[in-house]
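The block underneath contains the structure these notes are about, expressed in structure tokens.
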Amino acid sequence: MSRLVVVSNRVAPIQEGQPTTGGLAAGVLDALKKKGGVWFGWSGDIAATSSNKPTARQKVGPITLYTVDLSRRDYDEFYRGFANDTLWPALHYQIGLGRFDWNEFAGYRRVNELFARALAPVIEPDDIVWAHDYHLLCLAESLRELGVHNRIGIFLHTPFPAPPVFMTVPAHAELIKAMCQYDLVGFQTETDRAGFADYVVRHCDGELIGHPRDGLTLRAYGRVIKTGVYPIGVHVDEVRGQAKAQANRRHADRLMASLRHRQLIMSVDRLDYSKGLKQRFGAFERFLEDCPAARGGVTFLQIAPPSRSDIQTYREIRHELEGEAGRINGRFAEIDWMPLRYLNRSFPRSALMPLYAVADVGLVTPLRDGMNLVAKEYVAAQDPADPGVLVLSQFAGAAFELDAALIINPYDMVGVAMALDRGLSMRLEERQERHASMMQVMRRNSLDAWRDRFTADLTG
């Protein structure tokens, strides 16, 4: 029976008996437990020189974790540079925030080659290799150059843009050619897949060679590349269980006591310009302007853990949001009421689920997102007998599935404000109907379904 070899930028340590952190880690670990195999990636350590000999960091049952260290130069050029200052903004349609440096692209390819050299000796003839995300677009190409003929697939957790947007990255042709060395390229939505396929057909002299039931097949660069849409999900029952667990409720109980029966709007986002936090703060301000009766009776809690704080753009976002939160509170706050609570810190996932469960509105308004699992976790955490309302950006991948949410354009502050007003006043029967519809979709497109469909298509 073939093993599964998972490759990601970082490797999460496994804690036996502890719940997974969700998303990639949960899906990967479940797959590895079923098939046995290897999880490979960067250790997170900066060393004097990068290593191309992997270290076996941990072994748990049939799973072995292998890692490599990166040098400061490789980290700066690969991770801080090309991956997060060039690819990330382009993939999220934020091209005005991106920059390009050919030396950093060379560093990106060099680290993909380093991963390949370290990984190739670990791969056995029947293994299947599953790479994850935008950090590793060139990995299959590097493995092929080393003579690895195994089935190799990649899943993009981010969006994939339309060709004119992707082509703002000067190395776009090299990246697409490298991606075509994968046997399977997976996306969150049909829109993402269409962007990739359109590029291959229009700009690589590629062709569509078939429309299998669950995929679309391309031919380019002398290879056949299968594509698929695999919306990532959550463990619905696990989320609800964490939301109800008394041991997890300390923060939620303190929050509810401090609200004094006020309604709660809640958002949780990594501090990133793609999440639309500035526009969201503006929409909440517009809501307070347009709905004066809500003043004093509604609190907006925004949790935004720091992210990539060694990148200047992210430091600027943090400073800007702190200023906006202070300005809005200074304008509307009363002696006994602060409208916007902005927490620039992280909370354990187990603590977040009970917080989701007590929120009357879950506000999820990214400017662009591959999926956004916060939206799904918010819905899963709700009490079906008295659920809250999800207000969701049309530009999140989750909007393709959760169409029973209140779907908004995050650039439309008036529209978001109206959705907040509607969500806070929605009748119980309508809230129940919308929640039941979304739960049905989420159970069908579960984390297990995402994992099993991708690995089956990669194997076949």
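Naming scheme: A, B, ... for chains in displayed order of the structure tokens; residues 1 onward per chain; ligands 1 onward as shown.
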Give me the residues within 6 Å of range 188-194 of chain A as a ChimeraX atom specification, counting only C-alpha atoms and dropping any in the same chain fewer than 4 places off. /A:159-160,198,229-231
Mind writing the picked residues with N, CA and C atoms as a PDB file, in the first residue's frame?
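Heads up, here's the output in result18.pdb:
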ATOM      1  N   PRO A 159      -6.429  31.838  -3.070  1.00  0.00           N
ATOM      2  CA  PRO A 159      -7.056  31.973  -4.392  1.00  0.00           C
ATOM      3  C   PRO A 159      -6.007  31.833  -5.495  1.00  0.00           C
ATOM      4  N   PHE A 160      -6.492  31.639  -6.719  1.00  0.00           N
ATOM      5  CA  PHE A 160      -5.629  31.759  -7.898  1.00  0.00           C
ATOM      6  C   PHE A 160      -6.285  32.780  -8.811  1.00  0.00           C
ATOM      7  N   ASP A 198      -7.313  28.910 -17.800  1.00  0.00           N
ATOM      8  CA  ASP A 198      -7.337  29.949 -18.821  1.00  0.00           C
ATOM      9  C   ASP A 198      -5.919  30.377 -19.175  1.00  0.00           C
ATOM     10  N   VAL A 229     -11.435  20.808  -8.044  1.00  0.00           N
ATOM     11  CA  VAL A 229     -11.915  21.765  -7.049  1.00  0.00           C
ATOM     12  C   VAL A 229     -12.229  20.992  -5.778  1.00  0.00           C
ATOM     13  N   TYR A 230     -11.562  21.359  -4.693  1.00  0.00           N
ATOM     14  CA  TYR A 230     -11.670  20.639  -3.424  1.00  0.00           C
ATOM     15  C   TYR A 230     -11.847  21.651  -2.292  1.00  0.00           C
ATOM     16  N   PRO A 231     -13.056  22.105  -2.042  1.00  0.00           N
ATOM     17  CA  PRO A 231     -13.252  23.090  -0.961  1.00  0.00           C
ATOM     18  C   PRO A 231     -12.942  22.473   0.396  1.00  0.00           C
TER      19      PRO A 231
END
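Excluding Ala247 in chain A itself and any same-chain residue fewer than 5 positions from it, the protein and nucleic acid residues within 12 Å of it, counting only C-alpha atoms, are Gly241, Gln242, Ala252, Asp253, Ser350, Ala351, Met353 and Pro354 of chain A.
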Generate a file of the selected residues that holds C-alpha atoms, formatted as a PDB file, in the first residue's frame.
ATOM      1  CA  GLY A 241     -18.197  20.022  20.899  1.00  0.00           C
ATOM      2  CA  GLN A 242     -15.419  22.523  21.633  1.00  0.00           C
ATOM      3  CA  ALA A 252     -16.719  33.382  26.734  1.00  0.00           C
ATOM      4  CA  ASP A 253     -18.200  33.682  30.220  1.00  0.00           C
ATOM      5  CA  SER A 350     -10.478  25.852  21.984  1.00  0.00           C
ATOM      6  CA  ALA A 351     -11.196  29.298  23.470  1.00  0.00           C
ATOM      7  CA  MET A 353     -15.147  28.204  19.550  1.00  0.00           C
ATOM      8  CA  PRO A 354     -17.232  29.245  22.626  1.00  0.00           C
TER       9      PRO A 354
END
Write out as a tab-separated table a residue-level contact list of range 91-113 of chain A versus range 142-149 of chain A with cut-off 12 Å: for each qualifying residue the closest pair of atoms and the distance in Å to one decimal, counting only C-alpha atoms, rows sorted by chain and residue number upward.
residue	atom	partner	partner_atom	distance
A:Tyr108	CA	A:Ser142	CA	11.8
A:Arg109	CA	A:Ser142	CA	8.5
A:Arg110	CA	A:Ser142	CA	9.4
A:Val111	CA	A:Ser142	CA	10.0
A:Asn112	CA	A:Ser142	CA	6.9
A:Glu113	CA	A:Ser142	CA	5.3
Selection above as a file: N, CA and C atoms, as a short mmCIF file (atom, residue, chain, number, x, y, z; two decimals), in the first residue's frame:
data_model
loop_
_atom_site.label_atom_id
_atom_site.label_comp_id
_atom_site.auth_asym_id
_atom_site.auth_seq_id
_atom_site.Cartn_x
_atom_site.Cartn_y
_atom_site.Cartn_z
N TYR A 108 13.55 31.79 -4.10
CA TYR A 108 12.35 30.95 -4.03
C TYR A 108 12.61 29.61 -4.73
N ARG A 109 13.15 29.67 -5.93
CA ARG A 109 13.45 28.43 -6.65
C ARG A 109 14.52 27.62 -5.92
N ARG A 110 15.49 28.32 -5.34
CA ARG A 110 16.58 27.63 -4.65
C ARG A 110 16.04 26.84 -3.45
N VAL A 111 15.11 27.40 -2.71
CA VAL A 111 14.55 26.69 -1.56
C VAL A 111 13.66 25.54 -2.02
N ASN A 112 12.91 25.72 -3.11
CA ASN A 112 12.15 24.60 -3.66
C ASN A 112 13.09 23.47 -4.07
N GLU A 113 14.24 23.81 -4.65
CA GLU A 113 15.23 22.80 -5.01
C GLU A 113 15.83 22.15 -3.77
#
Using DSSP on the backbone, list every residue of range 163-321 of chain A that comes out as strand (DSSP E), and give them as an NGL selection string. :A and (184-187 or 207-210 or 216-220 or 223-229 or 263-268 or 298-303)
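Coordinates place CA of Arg260 in chain A at a distance of 20.2 Å from CA of Phe284 in chain A.
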Set out as a Markdown table a contact list for range 80-172 of chain A and range 291-311 of chain A with a cut-off of 9 Å, giving each residue of range 80-172 of chain A that qualifies its closest atom pair and distance in Å to one decimal, counting only C-alpha atoms, ordered by chain and rising residue number.
| residue | atom | partner | partner_atom | distance |
| --- | --- | --- | --- | --- |
| A:Arg80 | CA | A:Ile311 | CA | 6.9 |
| A:Asn84 | CA | A:Ile311 | CA | 8.7 |
| A:Asp85 | CA | A:Ile311 | CA | 8.3 |
Enumerate as a ChimeraX atom specification all residues of range 75-319 of chain A assigned to helix (DSSP H, G or I) by DSSP on the backbone, naming them with the chain letters and numbers the document uses. /A:75-91,95-97,102-122,134-136,139-145,163-166,172-179,190-203,236-244,246-248,250-259,273-275,277-290,292-294,312-319
For C-alpha atoms, I'd like the residues from the last selection saved as a compact mmCIF listing (two decimals), in the first residue's frame.
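File written: selection_18.txt
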# COMPACT_ATOMS: atom_id res chain seq x y z
CA TYR A 75 14.41 32.76 4.62
CA ASP A 76 14.58 36.39 3.51
CA GLU A 77 14.49 35.69 -0.22
CA PHE A 78 12.14 32.70 -0.26
CA TYR A 79 9.69 33.38 2.58
CA ARG A 80 9.75 37.09 3.39
CA GLY A 81 10.60 38.05 -0.17
CA PHE A 82 9.08 36.25 -3.10
CA ALA A 83 6.47 34.12 -1.32
CA ASN A 84 4.96 36.84 0.86
CA ASP A 85 5.94 40.14 -0.77
CA THR A 86 5.30 39.02 -4.37
CA LEU A 87 3.10 35.94 -4.65
CA TRP A 88 0.77 36.56 -1.71
CA PRO A 89 -0.45 40.00 -2.86
CA ALA A 90 -0.80 38.86 -6.48
CA LEU A 91 -2.80 35.76 -5.53
CA ILE A 95 -1.09 43.92 -6.83
CA GLY A 96 -0.49 47.47 -5.62
CA LEU A 97 1.04 46.03 -2.43
CA TRP A 102 14.61 38.55 -9.56
CA ASN A 103 17.10 37.67 -6.83
CA GLU A 104 14.23 36.81 -4.51
CA PHE A 105 12.64 34.67 -7.20
CA ALA A 106 15.98 32.87 -7.54
CA GLY A 107 15.88 32.34 -3.76
CA TYR A 108 12.35 30.95 -4.03
CA ARG A 109 13.45 28.43 -6.65
CA ARG A 110 16.58 27.63 -4.65
CA VAL A 111 14.55 26.69 -1.56
CA ASN A 112 12.15 24.60 -3.66
CA GLU A 113 15.23 22.80 -5.01
CA LEU A 114 16.59 22.41 -1.48
CA PHE A 115 13.32 20.84 -0.37
CA ALA A 116 13.44 18.49 -3.36
CA ARG A 117 17.02 17.37 -2.68
CA ALA A 118 16.23 16.72 0.97
CA LEU A 119 12.98 14.96 0.20
CA ALA A 120 13.95 12.77 -2.77
CA PRO A 121 15.92 10.18 -0.72
CA VAL A 122 12.94 9.79 1.62
CA TYR A 134 1.96 28.90 -2.85
CA HIS A 135 5.37 28.39 -1.24
CA LEU A 136 5.94 25.22 -3.30
CA LEU A 139 8.67 21.72 -6.03
CA ALA A 140 7.43 19.16 -8.58
CA GLU A 141 9.71 20.60 -11.25
CA SER A 142 12.69 20.22 -8.92
CA LEU A 143 11.71 16.67 -7.99
CA ARG A 144 11.29 15.70 -11.67
CA GLU A 145 14.79 17.03 -12.40
CA PRO A 163 -4.34 35.57 -15.94
CA PRO A 164 -3.93 39.37 -16.29
CA VAL A 165 -3.49 39.63 -12.51
CA PHE A 166 -1.09 36.70 -12.26
CA HIS A 172 4.61 34.22 -14.17
CA ALA A 173 5.62 32.05 -17.15
CA GLU A 174 8.28 30.19 -15.16
CA LEU A 175 5.81 29.55 -12.34
CA ILE A 176 3.09 28.15 -14.59
CA LYS A 177 5.57 25.92 -16.41
CA ALA A 178 6.74 24.59 -13.04
CA MET A 179 3.15 24.00 -11.88
CA GLU A 190 -14.12 26.78 -9.71
CA THR A 191 -13.13 30.43 -10.22
CA ASP A 192 -9.60 29.65 -9.05
CA ARG A 193 -9.32 26.64 -11.32
CA ALA A 194 -10.65 28.63 -14.27
CA GLY A 195 -7.92 31.23 -13.77
CA PHE A 196 -5.21 28.57 -13.97
CA ALA A 197 -6.77 26.71 -16.91
CA ASP A 198 -7.34 29.95 -18.82
CA TYR A 199 -3.68 30.87 -18.45
CA VAL A 200 -2.47 27.44 -19.61
CA VAL A 201 -4.74 27.42 -22.66
CA ARG A 202 -4.23 31.04 -23.72
CA HIS A 203 -0.58 31.61 -22.88
CA VAL A 236 -18.39 20.12 12.27
CA ASP A 237 -19.10 17.98 15.33
CA GLU A 238 -15.66 18.63 16.81
CA VAL A 239 -16.18 22.40 16.50
CA ARG A 240 -19.59 22.26 18.17
CA GLY A 241 -18.20 20.02 20.90
CA GLN A 242 -15.42 22.52 21.63
CA ALA A 243 -17.96 25.36 21.64
CA LYS A 244 -20.11 23.60 24.27
CA GLN A 246 -17.44 23.86 29.89
CA ALA A 247 -13.66 23.65 30.18
CA ASN A 248 -13.30 26.02 27.21
CA ARG A 250 -13.64 30.91 30.62
CA HIS A 251 -13.16 33.68 28.04
CA ALA A 252 -16.72 33.38 26.73
CA ASP A 253 -18.20 33.68 30.22
CA ARG A 254 -16.10 36.76 30.98
CA LEU A 255 -17.10 38.31 27.66
CA MET A 256 -20.81 37.72 28.22
CA ALA A 257 -20.62 39.20 31.72
CA SER A 258 -18.93 42.33 30.38
CA LEU A 259 -21.49 42.78 27.57
CA TYR A 273 -4.35 43.29 4.33
CA SER A 274 -6.30 40.63 2.40
CA LYS A 275 -8.77 40.30 5.29
CA LEU A 277 -10.09 44.89 8.34
CA LYS A 278 -9.84 48.60 7.53
CA GLN A 279 -12.93 48.41 5.32
CA ARG A 280 -14.70 46.37 8.03
CA PHE A 281 -13.99 49.00 10.68
CA GLY A 282 -15.34 51.60 8.29
CA ALA A 283 -18.51 49.57 7.71
CA PHE A 284 -19.07 49.22 11.46
CA GLU A 285 -18.66 52.98 11.82
CA ARG A 286 -21.23 53.47 9.05
CA PHE A 287 -23.57 51.06 10.86
CA LEU A 288 -23.35 53.20 14.01
CA GLU A 289 -24.00 56.31 11.93
CA ASP A 290 -27.00 54.89 10.08
CA PRO A 292 -28.41 55.29 16.01
CA ALA A 293 -30.81 53.04 17.93
CA ALA A 294 -28.05 50.38 18.00
CA GLN A 312 6.93 46.28 6.82
CA THR A 313 3.48 46.16 5.20
CA TYR A 314 2.12 44.19 8.13
CA ARG A 315 3.58 46.56 10.69
CA GLU A 316 1.84 49.41 8.86
CA ILE A 317 -1.51 47.58 8.93
CA ARG A 318 -1.27 47.11 12.68
CA HIS A 319 -0.51 50.78 13.28
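Using only C-alpha atoms, the contacts of range 51-56 of chain A at a cut-off of 6 Å, with sequence neighbours closer than 4 positions omitted, comprise Leu65, Tyr66, Thr67, Val68, Asp69, Leu114 and Ala118 of chain A.
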Restricted to N, CA and C atoms, what would the selected residues look like written as an mmCIF file, in the first residue's frame?
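Generated file (selection24.cif):
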data_model
loop_
_atom_site.group_PDB
_atom_site.id
_atom_site.type_symbol
_atom_site.label_atom_id
_atom_site.label_comp_id
_atom_site.auth_asym_id
_atom_site.auth_seq_id
_atom_site.Cartn_x
_atom_site.Cartn_y
_atom_site.Cartn_z
ATOM 1 N N LEU A 65 7.797 12.892 10.993
ATOM 2 C CA LEU A 65 7.972 14.291 10.636
ATOM 3 C C LEU A 65 9.435 14.547 10.316
ATOM 4 N N TYR A 66 9.712 15.068 9.118
ATOM 5 C CA TYR A 66 11.055 15.435 8.704
ATOM 6 C C TYR A 66 11.108 16.946 8.478
ATOM 7 N N THR A 67 12.197 17.574 8.908
ATOM 8 C CA THR A 67 12.337 19.007 8.694
ATOM 9 C C THR A 67 13.744 19.360 8.217
ATOM 10 N N VAL A 68 13.845 20.539 7.616
ATOM 11 C CA VAL A 68 15.134 21.128 7.263
ATOM 12 C C VAL A 68 15.172 22.556 7.808
ATOM 13 N N ASP A 69 16.375 23.045 8.071
ATOM 14 C CA ASP A 69 16.569 24.429 8.495
ATOM 15 C C ASP A 69 16.847 25.302 7.278
ATOM 16 N N LEU A 114 16.068 22.947 -2.735
ATOM 17 C CA LEU A 114 16.590 22.409 -1.480
ATOM 18 C C LEU A 114 15.610 21.404 -0.876
ATOM 19 N N ALA A 118 16.367 17.346 -0.345
ATOM 20 C CA ALA A 118 16.233 16.716 0.968
ATOM 21 C C ALA A 118 15.154 15.646 0.978
#
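The nearest approach to Met438 in chain A among the residues A:Val389, A:Ile154, A:Cys180, A:Ala162, with only C-alpha atoms taken into account, belongs to A:Val389.
Of the residues under consideration (A:Asn372, A:Ser2, A:Asn9, A:Gln432), A:Asn372 shows the shortest atom-to-atom contact distance to Leu392 in chain A when counting only C-alpha atoms.
Distances here use only C-alpha atoms; by that measure, the residue among A:Val224, A:Leu373, A:Val5, A:Val169 closest to Glu124 in chain A is A:Val5.
With only C-alpha atoms as the atoms that count, the residue of A:Leu424, A:Ala417, A:Leu447, A:Leu321 with the shortest distance to Val28 in chain A is A:Leu447.
The space between CA of His235 in chain A and CA of Ser446 in chain A spans 6.5 Å.
Between CA of Ala381 in chain A and CA of Arg10 in chain A the separation is 27.7 Å.
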If you count only C-alpha atoms, which residues fall within 9 Å of Val379 in chain A, apart from same-chain ones fewer than 3 positions away, as a PyMOL selection string? chain A and resi 236+356-357+362+374-376+382-383+387-390+435+438-439
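Closest approach to Glu401 in chain A among A:Gly233, A:Gly36, A:Pro339, A:Gly186 is made by A:Gly233 (distances from only C-alpha atoms).
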